[in-house]
file work.txt (compact mmCIF, C-alpha atoms)
# COMPACT_ATOMS: atom_id res chain seq x y z
CA MET A 1 0.00 0.00 0.00
CA THR A 2 1.31 3.45 -0.85
CA GLU A 3 1.14 6.60 1.26
CA ARG A 4 -1.50 8.01 -1.08
CA SER A 5 -3.70 4.92 -0.96
CA LEU A 6 -3.46 4.88 2.85
CA GLN A 7 -4.59 8.51 2.90
CA VAL A 8 -7.58 7.63 0.71
CA VAL A 9 -8.54 4.74 2.99
CA LEU A 10 -8.19 6.96 6.07
CA ALA A 11 -10.40 9.58 4.40
CA LEU A 12 -13.05 6.99 3.55
CA LEU A 13 -13.05 5.38 7.00
CA GLY A 14 -12.94 8.78 8.70
CA ALA A 15 -15.89 10.05 6.68
CA ILE A 16 -17.94 6.89 7.35
CA ASN A 17 -17.28 7.00 11.11
CA ALA A 18 -17.80 10.75 11.35
CA GLY A 19 -21.02 10.51 9.33
CA LEU A 20 -22.45 7.64 11.36
CA GLY A 21 -21.40 9.35 14.58
CA ALA A 22 -22.98 12.64 13.56
CA LEU A 23 -26.22 10.85 12.65
CA ALA A 24 -26.33 9.04 16.00
CA LEU A 25 -25.52 12.25 17.90
CA ILE A 26 -27.88 14.56 16.02
CA ALA A 27 -30.71 12.14 15.21
CA PRO A 28 -30.45 9.23 17.66
CA ASP A 29 -33.98 8.00 16.97
CA THR A 30 -33.30 7.78 13.23
CA PHE A 31 -29.97 6.03 13.86
CA PHE A 32 -31.64 3.51 16.15
CA ASP A 33 -34.50 2.81 13.72
CA GLN A 34 -32.34 2.53 10.60
CA ILE A 35 -28.99 1.15 11.82
CA GLY A 36 -28.66 0.23 15.47
CA LYS A 37 -31.93 -1.46 16.36
CA TYR A 38 -30.77 -3.63 19.25
CA GLY A 39 -32.85 -4.04 22.37
CA VAL A 40 -34.81 -1.12 23.77
CA GLU A 41 -34.09 2.35 22.39
CA ASN A 42 -32.33 4.85 24.63
CA SER A 43 -31.74 8.06 22.69
CA HIS A 44 -29.27 9.40 25.24
CA TYR A 45 -26.96 6.38 24.98
CA VAL A 46 -27.26 6.33 21.20
CA GLY A 47 -26.18 9.99 21.22
CA ASP A 48 -23.27 9.14 23.53
CA VAL A 49 -22.09 6.43 21.14
CA GLY A 50 -22.51 8.93 18.32
CA ALA A 51 -20.20 11.35 20.11
CA PHE A 52 -17.54 8.63 20.46
CA THR A 53 -17.91 7.50 16.85
CA LEU A 54 -17.81 11.05 15.50
CA THR A 55 -14.66 11.71 17.53
CA TYR A 56 -13.02 8.57 16.16
CA GLY A 57 -13.90 9.55 12.60
CA LEU A 58 -12.40 12.99 13.13
CA GLY A 59 -9.27 11.34 14.57
CA LEU A 60 -8.90 9.29 11.38
CA LEU A 61 -9.33 12.42 9.27
CA ILE A 62 -6.71 14.29 11.31
CA ALA A 63 -4.36 11.31 10.91
CA ILE A 64 -4.32 11.95 7.15
CA ARG A 65 -2.26 15.09 7.81
CA LEU A 66 -0.54 13.95 11.02
CA PRO A 67 1.17 10.62 10.30
CA SER A 68 2.27 10.27 13.94
CA TRP A 69 -1.42 9.83 14.85
CA ARG A 70 -2.01 6.93 12.47
CA VAL A 71 -0.75 3.90 14.35
CA PRO A 72 -2.29 4.88 17.71
CA VAL A 73 -5.65 5.88 16.17
CA LEU A 74 -5.84 2.78 13.99
CA ALA A 75 -4.74 0.45 16.80
CA LEU A 76 -7.25 1.97 19.20
CA GLY A 77 -9.95 1.53 16.55
CA ALA A 78 -8.98 -2.12 16.09
CA ILE A 79 -9.36 -2.71 19.82
CA TRP A 80 -12.65 -0.79 19.93
CA PHE A 81 -14.09 -2.74 17.00
CA GLY A 82 -12.94 -6.00 18.59
CA PHE A 83 -14.81 -5.27 21.81
CA HIS A 84 -17.74 -3.92 19.79
CA ALA A 85 -17.92 -7.21 17.84
CA LEU A 86 -17.74 -9.19 21.08
CA ASN A 87 -20.63 -7.15 22.48
CA HIS A 88 -22.65 -7.83 19.32
CA ALA A 89 -21.89 -11.56 19.54
CA PHE A 90 -23.61 -11.66 22.93
CA ASP A 91 -26.61 -9.68 21.67
CA THR A 92 -27.33 -11.21 18.25
CA GLY A 93 -30.81 -12.20 19.43
CA GLU A 94 -31.70 -8.55 20.07
CA ALA A 95 -31.17 -7.51 16.43
CA ARG A 96 -34.00 -7.27 13.91
CA SER A 97 -33.20 -10.88 13.05
CA GLN A 98 -30.66 -13.50 14.06
CA ALA A 99 -29.08 -13.24 10.60
CA ARG A 100 -28.77 -9.45 10.93
CA GLY A 101 -27.23 -9.88 14.38
CA TRP A 102 -24.55 -12.24 13.10
CA ALA A 103 -23.95 -10.20 9.94
CA ASP A 104 -23.36 -7.10 12.08
CA THR A 105 -21.03 -9.03 14.39
CA ILE A 106 -18.97 -10.41 11.50
CA GLY A 107 -18.88 -7.05 9.73
CA ILE A 108 -17.68 -5.23 12.84
CA ALA A 109 -15.05 -7.91 13.51
CA ALA A 110 -13.84 -7.59 9.91
CA GLY A 111 -13.62 -3.84 10.42
CA GLY A 112 -11.43 -4.43 13.45
CA LEU A 113 -9.14 -6.70 11.45
CA LEU A 114 -8.95 -4.06 8.71
CA LEU A 115 -7.98 -1.39 11.24
CA ALA A 116 -5.30 -3.67 12.74
CA TYR A 117 -3.93 -4.32 9.26
CA LEU A 118 -3.90 -0.60 8.48
CA ALA A 119 -2.08 0.12 11.75
CA ARG A 120 0.60 -2.34 10.69
CA VAL A 121 0.81 -0.87 7.18
CA SER A 122 0.98 2.62 8.65
CA ALA A 123 3.82 1.62 10.97
CA ARG A 124 5.73 0.22 8.00
CA LEU A 125 5.13 3.29 5.85
CA GLY A 126 5.99 5.61 8.73
CA GLY A 127 9.21 3.73 9.34
CA GLN A 128 10.20 4.11 5.69
CA ALA A 129 9.41 7.82 5.73
CA GLY A 130 11.27 8.43 8.98
CA VAL A 131 8.06 9.25 10.89
CA GLU A 132 7.85 8.06 14.48

call {"tool": "encode", "arguments": {"input": "work.txt", "output": "C-alpha cells"}}
result
Amino acid sequence: MTERSLQVVLALLGAINAGLGALALIAPDTFFDQIGKYGVENSHYVGDVGAFTLTYGLGLLIAIRLPSWRVPVLALGAIWFGFHALNHAFDTGEARSQARGWADTIGIAAGGLLLAYLARVSARLGGQAGVE
C-alpha cells in the first residue's frame, strides 16, 4: 500500500465513522430505527455512542495530515471494533433478526481486522518515511 492509498482509505473510514457518529448524535432515533436497532431504544446512549464515533472519525481524518497519529488511532480503533464485535456476539438475538445480528457481528469484527492491518501498514510506511 502506498502513502497516497493509505490517505484515501483513512479519508473513507474517517468520513464513514464521522457521518455515522454525527447521525447518532444529532438524530439518535433515526440512527436507532435505521442502523442500530438492538434491544430497547435509549436516545441518550445512542447519542453518547454517536459522540464517540464522531470523535473517532475525526481522529482518522486528522491522521491523514498527522502521520504520527495513524498507528495509535488505527490500533485503538482495532481494539474498539474487537470489543464492539464481542458485544454484538452476545446480543445477536436482540437484532432485527438472528441473521442481521450475526452479519453485524462479523462485519464489525472484519472492520477491526482491517484497522489492525492498516495500523501495521501505517507503521511500515511511517518507518520508511522516517516518521515516528

call {"tool": "atom_distance", "arguments": {"input": "work.txt", "atom1": "CA of Ser97 (chain A)", "atom2": "CA of Val49 (chain A)"}}
result
22.1 Å

call {"tool": "closest_residue", "arguments": {"input": "work.txt", "among": "A:Leu66, A:Phe32, A:Leu13, A:Ile79", "to": "Leu54 (chain A)", "atoms": "only C-alpha atoms"}}
result
A:Leu13

call {"tool": "closest_residue", "arguments": {"input": "work.txt", "among": "A:Ile35, A:Tyr56, A:Leu61, A:Trp69", "to": "Val9 (chain A)", "atoms": "all atoms listed in the file"}}
result
A:Leu61

call {"tool": "atom_distance", "arguments": {"input": "work.txt", "atom1": "CA of Thr105 (chain A)", "atom2": "CA of Ala89 (chain A)"}}
result
5.8 Å

call {"tool": "atom_distance", "arguments": {"input": "work.txt", "atom1": "CA of Val71 (chain A)", "atom2": "CA of Gly19 (chain A)"}}
result
21.9 Å

call {"tool": "closest_residue", "arguments": {"input": "work.txt", "among": "A:Pro72, A:Gly82, A:Gly111, A:Gly101", "to": "Asn17 (chain A)", "atoms": "only C-alpha atoms"}}
result
A:Gly111

call {"tool": "closest_residue", "arguments": {"input": "work.txt", "among": "A:Ile62, A:Ala99, A:Ile16, A:Val73", "to": "Leu115 (chain A)", "atoms": "all atoms listed in the file"}}
result
A:Val73

call {"tool": "closest_residue", "arguments": {"input": "work.txt", "among": "A:Gly47, A:Gly107, A:Gly36, A:Gly126", "to": "Pro67 (chain A)", "atoms": "all atoms listed in the file"}}
result
A:Gly126

call {"tool": "closest_residue", "arguments": {"input": "work.txt", "among": "A:Gln34, A:Leu74, A:Gly14, A:Ala27", "to": "Ala95 (chain A)", "atoms": "only C-alpha atoms"}}
result
A:Gln34

call {"tool": "residues_around", "arguments": {"input": "work.txt", "residues": "Glu41 (chain A)", "least_positions_apart": "4", "cutoff": "10 Å", "atoms": "only C-alpha atoms", "output": "PyMOL selection string"}}
result
chain A and resi 28-29+32-33+36-37+45-46
